[in-house]
Amino acid sequence: QKEVEQDPGPLSVPEGAIVSLNCTYSNSAFQYFMWYRQYSRKGPELLMYTYSSGNKEDGRFTAQVDKSSKYISLFIRDSQPSDSATYLCAMSSGSNYQLIWGAGTKLIIKP
Amino acid sequence: SQTIHQWPATLVQPVGSPLSLECTVEGTSNPNLYWYRQAAGRGLQLLFYSVGIGQISSEVPQNLSASRPQDRQFILSSKKLLLSDSGFYLCAWRGGGQKETQYFGPGTRLLVL
């Protein structure tokens with residue numbers, strides 16, 4: 001079993017829809033959680049960072065962490081075609097300078 | 001602000017040829033540096049990371065090597081490329097402190113023929 005599971009998609013939704021992207025993990029020591037967005041042929045860019053449990057909101061993006069269920073989510077409101085990209089989750093226990101990555105979900109927003 | 005550079009952007013090399021990819025970071029000191037490889041449509045595979053000059057940790061056995069000759073310079077090398085070395089190579093840096101976030105360069109697309 002992988003430490004971090006993420007559905008690779010593709011996930012295709014119409015413009016304006018609310019998008020929900022998810023990752024599950026097995027290591028209860030993880031306490032730093034990140035979402036990255038990667039456009040085709042580009043490096044990943046940090047989208048959201050959350051420490052421990054709870055919600056964090058930034059514009060149209062909301063990140064949720066449920067440590068009891070070992071489950072993290074990224075919600076995108078009012079999705080735009082420019083949101084079409086691959087979204088990668090990453091997490092860390094903070095003990096070894098490394099991030100553990102999900103495989104990434106390819107998101108397609110249809111105009 | 002911090003900036004990370006990678007070059008070249010694209011590289012086509014024959015099997016058996018050597019490789020040298022360079023990564024430099026500006027605007028920070030003593031960063032942790034990382035080399036990742038990403039196969040088409042796949043996630044990120046950590047190849048090497050470095051916490052300081054001359055300090056390299058290898059995560060995956062392969063015919064690649066890494067070096068950190070200066071604080072903000074990280075080099076990925078190979079003496080003889082294999083077909084399986086094709087992929088998208090990404091360099092990343094992490095600053096000090098509790099935050100675990102990494103920041104990525106633009107990547108180098110390598111095609112071995």
# chains A, B, ... in the order shown; residues from 1 in each chain; ligands from 1
call {"tool": "residues_around", "arguments": {"residues": "segment 20-24 of chain A", "least_positions_apart": "2", "cutoff": "10 Å", "atoms": "only C-alpha atoms", "output": "ChimeraX atom specification"}}
result
/A:2-7,9,11,17-18,26-27,35,62-67,69-77,87-90,101-107
call {"tool": "interface_residues", "arguments": {"of": "chain A", "to": "chain B", "cutoff": "8 Å", "atoms": "only C-alpha atoms", "output": "mmCIF file with all heavy atoms, in the first residue's frame"}}
result
data_model
loop_
_atom_site.group_PDB
_atom_site.id
_atom_site.type_symbol
_atom_site.label_atom_id
_atom_site.label_comp_id
_atom_site.auth_asym_id
_atom_site.auth_seq_id
_atom_site.Cartn_x
_atom_site.Cartn_y
_atom_site.Cartn_z
ATOM 1 N N TYR A 32 2.147 18.082 8.149
ATOM 2 C CA TYR A 32 2.260 19.191 7.207
ATOM 3 C C TYR A 32 1.660 18.720 5.888
ATOM 4 O O TYR A 32 2.065 17.687 5.361
ATOM 5 C CB TYR A 32 3.732 19.570 6.986
ATOM 6 C CG TYR A 32 4.449 19.969 8.248
ATOM 7 C CD1 TYR A 32 5.123 19.019 9.012
ATOM 8 C CD2 TYR A 32 4.452 21.289 8.680
ATOM 9 C CE1 TYR A 32 5.780 19.376 10.176
ATOM 10 C CE2 TYR A 32 5.115 21.644 9.842
ATOM 11 C CZ TYR A 32 5.773 20.683 10.581
ATOM 12 O OH TYR A 32 6.418 21.043 11.730
ATOM 13 N N MET A 34 0.222 19.811 1.898
ATOM 14 C CA MET A 34 0.314 20.787 0.827
ATOM 15 C C MET A 34 -0.432 20.330 -0.413
ATOM 16 O O MET A 34 -0.567 19.120 -0.655
ATOM 17 C CB MET A 34 1.793 20.985 0.430
ATOM 18 C CG MET A 34 2.580 21.833 1.385
ATOM 19 S SD MET A 34 4.235 21.180 1.663
ATOM 20 C CE MET A 34 3.948 20.049 3.015
ATOM 21 N N ARG A 41 4.004 20.514 -18.730
ATOM 22 C CA ARG A 41 5.384 20.876 -19.061
ATOM 23 C C ARG A 41 5.952 22.002 -18.189
ATOM 24 O O ARG A 41 6.875 22.705 -18.597
ATOM 25 C CB ARG A 41 5.518 21.231 -20.538
ATOM 26 C CG ARG A 41 5.172 20.078 -21.455
ATOM 27 C CD ARG A 41 5.271 20.453 -22.918
ATOM 28 N NE ARG A 41 5.064 19.284 -23.766
ATOM 29 C CZ ARG A 41 6.045 18.539 -24.257
ATOM 30 N NH1 ARG A 41 7.297 18.844 -24.013
ATOM 31 N NH2 ARG A 41 5.777 17.488 -24.992
ATOM 32 N N LYS A 42 5.386 22.174 -16.991
ATOM 33 C CA LYS A 42 5.875 23.183 -16.054
ATOM 34 C C LYS A 42 6.184 22.533 -14.719
ATOM 35 O O LYS A 42 5.744 21.419 -14.439
ATOM 36 C CB LYS A 42 4.811 24.278 -15.839
ATOM 37 C CG LYS A 42 4.356 24.981 -17.104
ATOM 38 C CD LYS A 42 5.425 25.871 -17.670
ATOM 39 C CE LYS A 42 4.891 26.666 -18.848
ATOM 40 N NZ LYS A 42 5.946 27.477 -19.485
ATOM 41 N N GLY A 43 6.950 23.230 -13.884
ATOM 42 C CA GLY A 43 7.187 22.745 -12.537
ATOM 43 C C GLY A 43 5.964 22.949 -11.654
ATOM 44 O O GLY A 43 5.165 23.851 -11.885
ATOM 45 N N PRO A 44 5.779 22.117 -10.638
ATOM 46 C CA PRO A 44 4.652 22.303 -9.703
ATOM 47 C C PRO A 44 4.793 23.624 -8.944
ATOM 48 O O PRO A 44 5.909 24.044 -8.609
ATOM 49 C CB PRO A 44 4.782 21.123 -8.735
ATOM 50 C CG PRO A 44 5.634 20.116 -9.453
ATOM 51 C CD PRO A 44 6.554 20.917 -10.299
ATOM 52 N N GLU A 45 3.666 24.265 -8.671
ATOM 53 C CA GLU A 45 3.657 25.489 -7.874
ATOM 54 C C GLU A 45 2.792 25.264 -6.634
ATOM 55 O O GLU A 45 1.729 24.636 -6.701
ATOM 56 C CB GLU A 45 3.136 26.674 -8.691
ATOM 57 C CG GLU A 45 1.766 26.486 -9.269
ATOM 58 C CD GLU A 45 1.246 27.708 -10.003
ATOM 59 O OE1 GLU A 45 1.520 28.843 -9.575
ATOM 60 O OE2 GLU A 45 0.532 27.517 -11.013
ATOM 61 N N LEU A 46 3.273 25.777 -5.513
ATOM 62 C CA LEU A 46 2.548 25.614 -4.263
ATOM 63 C C LEU A 46 1.245 26.400 -4.300
ATOM 64 O O LEU A 46 1.226 27.585 -4.616
ATOM 65 C CB LEU A 46 3.412 26.111 -3.095
ATOM 66 C CG LEU A 46 2.775 26.020 -1.715
ATOM 67 C CD1 LEU A 46 2.582 24.554 -1.324
ATOM 68 C CD2 LEU A 46 3.626 26.740 -0.685
ATOM 69 N N TYR A 49 -1.043 25.440 1.811
ATOM 70 C CA TYR A 49 -0.255 24.800 2.861
ATOM 71 C C TYR A 49 -1.070 24.797 4.147
ATOM 72 O O TYR A 49 -1.635 25.821 4.534
ATOM 73 C CB TYR A 49 1.053 25.565 3.070
ATOM 74 C CG TYR A 49 1.791 25.187 4.325
ATOM 75 C CD1 TYR A 49 2.575 24.044 4.365
ATOM 76 C CD2 TYR A 49 1.697 25.977 5.472
ATOM 77 C CE1 TYR A 49 3.252 23.692 5.520
ATOM 78 C CE2 TYR A 49 2.366 25.625 6.626
ATOM 79 C CZ TYR A 49 3.144 24.488 6.647
ATOM 80 O OH TYR A 49 3.812 24.133 7.792
ATOM 81 N N LEU A 88 -1.356 17.955 -7.269
ATOM 82 C CA LEU A 88 -0.601 16.976 -6.476
ATOM 83 C C LEU A 88 -0.723 17.312 -4.994
ATOM 84 O O LEU A 88 -0.550 18.476 -4.604
ATOM 85 C CB LEU A 88 0.878 16.996 -6.849
ATOM 86 C CG LEU A 88 1.218 16.650 -8.297
ATOM 87 C CD1 LEU A 88 1.995 17.770 -8.938
ATOM 88 C CD2 LEU A 88 2.030 15.373 -8.360
ATOM 89 N N SER A 92 4.136 15.650 5.008
ATOM 90 C CA SER A 92 5.396 15.378 5.690
ATOM 91 C C SER A 92 5.158 15.264 7.192
ATOM 92 O O SER A 92 4.271 15.913 7.735
ATOM 93 C CB SER A 92 6.382 16.504 5.396
ATOM 94 O OG SER A 92 7.519 16.411 6.219
ATOM 95 N N GLY A 94 7.749 16.075 9.043
ATOM 96 C CA GLY A 94 8.662 17.103 9.519
ATOM 97 C C GLY A 94 9.940 16.556 10.104
ATOM 98 O O GLY A 94 10.739 17.306 10.666
ATOM 99 N N TYR A 97 13.145 16.049 6.215
ATOM 100 C CA TYR A 97 13.330 16.969 5.089
ATOM 101 C C TYR A 97 12.641 16.528 3.803
ATOM 102 O O TYR A 97 12.859 17.121 2.764
ATOM 103 C CB TYR A 97 14.826 17.166 4.774
ATOM 104 C CG TYR A 97 15.670 17.513 5.953
ATOM 105 C CD1 TYR A 97 16.626 16.621 6.432
ATOM 106 C CD2 TYR A 97 15.532 18.739 6.592
ATOM 107 C CE1 TYR A 97 17.409 16.947 7.525
ATOM 108 C CE2 TYR A 97 16.316 19.070 7.681
ATOM 109 C CZ TYR A 97 17.252 18.159 8.139
ATOM 110 O OH TYR A 97 18.030 18.478 9.217
ATOM 111 N N GLN A 98 11.824 15.502 3.829
ATOM 112 C CA GLN A 98 11.231 14.993 2.596
ATOM 113 C C GLN A 98 9.714 15.153 2.607
ATOM 114 O O GLN A 98 9.080 15.162 3.659
ATOM 115 C CB GLN A 98 11.569 13.510 2.424
ATOM 116 C CG GLN A 98 13.044 13.231 2.225
ATOM 117 C CD GLN A 98 13.316 11.769 2.025
ATOM 118 O OE1 GLN A 98 12.510 11.052 1.417
ATOM 119 N NE2 GLN A 98 14.451 11.303 2.531
ATOM 120 N N LEU A 99 9.168 15.264 1.408
ATOM 121 C CA LEU A 99 7.729 15.241 1.219
ATOM 122 C C LEU A 99 7.331 13.902 0.604
ATOM 123 O O LEU A 99 8.068 13.346 -0.216
ATOM 124 C CB LEU A 99 7.284 16.368 0.285
ATOM 125 C CG LEU A 99 7.467 17.798 0.785
ATOM 126 C CD1 LEU A 99 7.025 18.788 -0.289
ATOM 127 C CD2 LEU A 99 6.711 18.023 2.080
ATOM 128 N N TRP A 101 4.561 12.230 -1.788
ATOM 129 C CA TRP A 101 3.699 12.791 -2.818
ATOM 130 C C TRP A 101 2.602 11.829 -3.257
ATOM 131 O O TRP A 101 2.815 10.609 -3.337
ATOM 132 C CB TRP A 101 4.536 13.134 -4.055
ATOM 133 C CG TRP A 101 5.510 14.225 -3.825
ATOM 134 C CD1 TRP A 101 6.770 14.108 -3.309
ATOM 135 C CD2 TRP A 101 5.296 15.611 -4.060
ATOM 136 N NE1 TRP A 101 7.361 15.349 -3.219
ATOM 137 C CE2 TRP A 101 6.482 16.287 -3.688
ATOM 138 C CE3 TRP A 101 4.229 16.360 -4.575
ATOM 139 C CZ2 TRP A 101 6.616 17.673 -3.801
ATOM 140 C CZ3 TRP A 101 4.374 17.732 -4.680
ATOM 141 C CH2 TRP A 101 5.553 18.372 -4.299
ATOM 142 N N GLY A 102 1.426 12.382 -3.555
ATOM 143 C CA GLY A 102 0.425 11.642 -4.280
ATOM 144 C C GLY A 102 0.791 11.619 -5.761
ATOM 145 O O GLY A 102 1.673 12.363 -6.207
ATOM 146 N N ALA A 103 0.098 10.764 -6.515
ATOM 147 C CA ALA A 103 0.414 10.611 -7.938
ATOM 148 C C ALA A 103 -0.097 11.776 -8.778
ATOM 149 O O ALA A 103 0.323 11.951 -9.925
ATOM 150 C CB ALA A 103 -0.167 9.304 -8.462
ATOM 151 N N GLY A 104 -1.005 12.585 -8.204
ATOM 152 C CA GLY A 104 -1.564 13.716 -8.944
ATOM 153 C C GLY A 104 -2.883 13.367 -9.601
ATOM 154 O O GLY A 104 -3.056 12.251 -10.094
#
call {"tool": "atom_distance", "arguments": {"atom1": "atom CA of Gln31 of chain A", "atom2": "atom CA of Ser95 of chain A"}}
result
10.3 Å
call {"tool": "residues_around", "arguments": {"residues": "segment 21-24 of chain B", "least_positions_apart": "3", "cutoff": "6 Å", "atoms": "only C-alpha atoms", "output": "PyMOL selection string"}}
result
chain B and resi 4-7+72-76
call {"tool": "closest_residue", "arguments": {"among": "A:Pro111, A:Ser12, A:Val19, A:Lys56", "to": "Phe33 of chain A", "atoms": "only C-alpha atoms"}}
result
A:Lys56
call {"tool": "select_by_dssp", "arguments": {"residues": "segment 5-76 of chain A", "states": "strand (DSSP E or B)", "output": "PyMOL selection string"}}
result
chain A and resi 5+11-14+19-25+32-38+45-51+54-58+61-66+71-76
call {"tool": "atom_distance", "arguments": {"atom1": "atom CA of Ala39 of chain B", "atom2": "atom CA of Asp85 of chain B"}}
result
9.3 Å
call {"tool": "decode", "arguments": {"residues": "segment 45-56 of chain A", "atoms": "all heavy atoms", "output": "PDB file, in the first residue's frame"}}
result
ATOM      1  N   GLU A  45       3.666  24.265  -8.671  1.00  0.00           N
ATOM      2  CA  GLU A  45       3.657  25.489  -7.874  1.00  0.00           C
ATOM      3  C   GLU A  45       2.792  25.264  -6.634  1.00  0.00           C
ATOM      4  O   GLU A  45       1.729  24.636  -6.701  1.00  0.00           O
ATOM      5  CB  GLU A  45       3.136  26.674  -8.691  1.00  0.00           C
ATOM      6  CG  GLU A  45       1.766  26.486  -9.269  1.00  0.00           C
ATOM      7  CD  GLU A  45       1.246  27.708 -10.003  1.00  0.00           C
ATOM      8  OE1 GLU A  45       1.520  28.843  -9.575  1.00  0.00           O
ATOM      9  OE2 GLU A  45       0.532  27.517 -11.013  1.00  0.00           O
ATOM     10  N   LEU A  46       3.273  25.777  -5.513  1.00  0.00           N
ATOM     11  CA  LEU A  46       2.548  25.614  -4.263  1.00  0.00           C
ATOM     12  C   LEU A  46       1.245  26.400  -4.300  1.00  0.00           C
ATOM     13  O   LEU A  46       1.226  27.585  -4.616  1.00  0.00           O
ATOM     14  CB  LEU A  46       3.412  26.111  -3.095  1.00  0.00           C
ATOM     15  CG  LEU A  46       2.775  26.020  -1.715  1.00  0.00           C
ATOM     16  CD1 LEU A  46       2.582  24.554  -1.324  1.00  0.00           C
ATOM     17  CD2 LEU A  46       3.626  26.740  -0.685  1.00  0.00           C
ATOM     18  N   LEU A  47       0.163  25.690  -3.965  1.00  0.00           N
ATOM     19  CA  LEU A  47      -1.166  26.307  -3.969  1.00  0.00           C
ATOM     20  C   LEU A  47      -1.662  26.562  -2.544  1.00  0.00           C
ATOM     21  O   LEU A  47      -2.113  27.654  -2.230  1.00  0.00           O
ATOM     22  CB  LEU A  47      -2.119  25.364  -4.702  1.00  0.00           C
ATOM     23  CG  LEU A  47      -3.388  25.902  -5.337  1.00  0.00           C
ATOM     24  CD1 LEU A  47      -3.096  27.027  -6.290  1.00  0.00           C
ATOM     25  CD2 LEU A  47      -4.109  24.764  -6.054  1.00  0.00           C
ATOM     26  N   MET A  48      -1.582  25.547  -1.703  1.00  0.00           N
ATOM     27  CA  MET A  48      -2.100  25.651  -0.340  1.00  0.00           C
ATOM     28  C   MET A  48      -1.184  24.894   0.608  1.00  0.00           C
ATOM     29  O   MET A  48      -0.661  23.831   0.269  1.00  0.00           O
ATOM     30  CB  MET A  48      -3.506  25.068  -0.242  1.00  0.00           C
ATOM     31  CG  MET A  48      -4.554  25.741  -1.115  1.00  0.00           C
ATOM     32  SD  MET A  48      -4.986  27.375  -0.498  1.00  0.00           S
ATOM     33  CE  MET A  48      -6.099  26.946   0.840  1.00  0.00           C
ATOM     34  N   TYR A  49      -1.043  25.440   1.811  1.00  0.00           N
ATOM     35  CA  TYR A  49      -0.255  24.800   2.861  1.00  0.00           C
ATOM     36  C   TYR A  49      -1.070  24.797   4.147  1.00  0.00           C
ATOM     37  O   TYR A  49      -1.635  25.821   4.534  1.00  0.00           O
ATOM     38  CB  TYR A  49       1.053  25.565   3.070  1.00  0.00           C
ATOM     39  CG  TYR A  49       1.791  25.187   4.325  1.00  0.00           C
ATOM     40  CD1 TYR A  49       2.575  24.044   4.365  1.00  0.00           C
ATOM     41  CD2 TYR A  49       1.697  25.977   5.472  1.00  0.00           C
ATOM     42  CE1 TYR A  49       3.252  23.692   5.520  1.00  0.00           C
ATOM     43  CE2 TYR A  49       2.366  25.625   6.626  1.00  0.00           C
ATOM     44  CZ  TYR A  49       3.144  24.488   6.647  1.00  0.00           C
ATOM     45  OH  TYR A  49       3.812  24.133   7.792  1.00  0.00           O
ATOM     46  N   THR A  50      -1.135  23.635   4.788  1.00  0.00           N
ATOM     47  CA  THR A  50      -1.882  23.518   6.039  1.00  0.00           C
ATOM     48  C   THR A  50      -1.050  22.744   7.041  1.00  0.00           C
ATOM     49  O   THR A  50      -0.444  21.724   6.698  1.00  0.00           O
ATOM     50  CB  THR A  50      -3.215  22.767   5.825  1.00  0.00           C
ATOM     51  OG1 THR A  50      -3.916  23.347   4.740  1.00  0.00           O
ATOM     52  CG2 THR A  50      -4.082  22.830   7.066  1.00  0.00           C
ATOM     53  N   TYR A  51      -1.039  23.252   8.262  1.00  0.00           N
ATOM     54  CA  TYR A  51      -0.371  22.524   9.336  1.00  0.00           C
ATOM     55  C   TYR A  51      -1.437  21.906  10.225  1.00  0.00           C
ATOM     56  O   TYR A  51      -2.381  22.574  10.646  1.00  0.00           O
ATOM     57  CB  TYR A  51       0.520  23.458  10.144  1.00  0.00           C
ATOM     58  CG  TYR A  51       1.068  22.815  11.392  1.00  0.00           C
ATOM     59  CD1 TYR A  51       2.023  21.808  11.308  1.00  0.00           C
ATOM     60  CD2 TYR A  51       0.618  23.207  12.658  1.00  0.00           C
ATOM     61  CE1 TYR A  51       2.513  21.201  12.442  1.00  0.00           C
ATOM     62  CE2 TYR A  51       1.118  22.611  13.798  1.00  0.00           C
ATOM     63  CZ  TYR A  51       2.063  21.605  13.681  1.00  0.00           C
ATOM     64  OH  TYR A  51       2.558  21.004  14.817  1.00  0.00           O
ATOM     65  N   SER A  52      -1.307  20.615  10.484  1.00  0.00           N
ATOM     66  CA  SER A  52      -2.215  19.849  11.336  1.00  0.00           C
ATOM     67  C   SER A  52      -3.628  19.853  10.756  1.00  0.00           C
ATOM     68  O   SER A  52      -3.808  19.913   9.551  1.00  0.00           O
ATOM     69  CB  SER A  52      -2.182  20.409  12.760  1.00  0.00           C
ATOM     70  OG  SER A  52      -2.785  19.494  13.654  1.00  0.00           O
ATOM     71  N   SER A  53      -4.639  19.809  11.589  1.00  0.00           N
ATOM     72  CA  SER A  53      -6.007  19.673  11.101  1.00  0.00           C
ATOM     73  C   SER A  53      -6.653  21.018  10.830  1.00  0.00           C
ATOM     74  O   SER A  53      -6.136  22.064  11.214  1.00  0.00           O
ATOM     75  CB  SER A  53      -6.850  18.922  12.130  1.00  0.00           C
ATOM     76  OG  SER A  53      -6.558  17.555  12.119  1.00  0.00           O
ATOM     77  N   GLY A  54      -7.819  20.977  10.178  1.00  0.00           N
ATOM     78  CA  GLY A  54      -8.596  22.186   9.988  1.00  0.00           C
ATOM     79  C   GLY A  54      -8.716  22.591   8.543  1.00  0.00           C
ATOM     80  O   GLY A  54      -8.333  21.863   7.636  1.00  0.00           O
ATOM     81  N   ASN A  55      -9.294  23.772   8.362  1.00  0.00           N
ATOM     82  CA  ASN A  55      -9.535  24.326   7.036  1.00  0.00           C
ATOM     83  C   ASN A  55      -8.666  25.547   6.811  1.00  0.00           C
ATOM     84  O   ASN A  55      -8.312  26.253   7.756  1.00  0.00           O
ATOM     85  CB  ASN A  55     -10.999  24.746   6.892  1.00  0.00           C
ATOM     86  CG  ASN A  55     -11.943  23.571   6.916  1.00  0.00           C
ATOM     87  OD1 ASN A  55     -11.528  22.435   7.046  1.00  0.00           O
ATOM     88  ND2 ASN A  55     -13.215  23.865   6.792  1.00  0.00           N
ATOM     89  N   LYS A  56      -8.356  25.770   5.539  1.00  0.00           N
ATOM     90  CA  LYS A  56      -7.681  27.005   5.166  1.00  0.00           C
ATOM     91  C   LYS A  56      -8.262  27.470   3.848  1.00  0.00           C
ATOM     92  O   LYS A  56      -8.441  26.661   2.926  1.00  0.00           O
ATOM     93  CB  LYS A  56      -6.179  26.777   5.027  1.00  0.00           C
ATOM     94  CG  LYS A  56      -5.401  28.058   4.746  1.00  0.00           C
ATOM     95  CD  LYS A  56      -3.921  27.796   4.810  1.00  0.00           C
ATOM     96  CE  LYS A  56      -3.132  29.071   4.615  1.00  0.00           C
ATOM     97  NZ  LYS A  56      -1.674  28.830   4.706  1.00  0.00           N
TER      98      LYS A  56
END
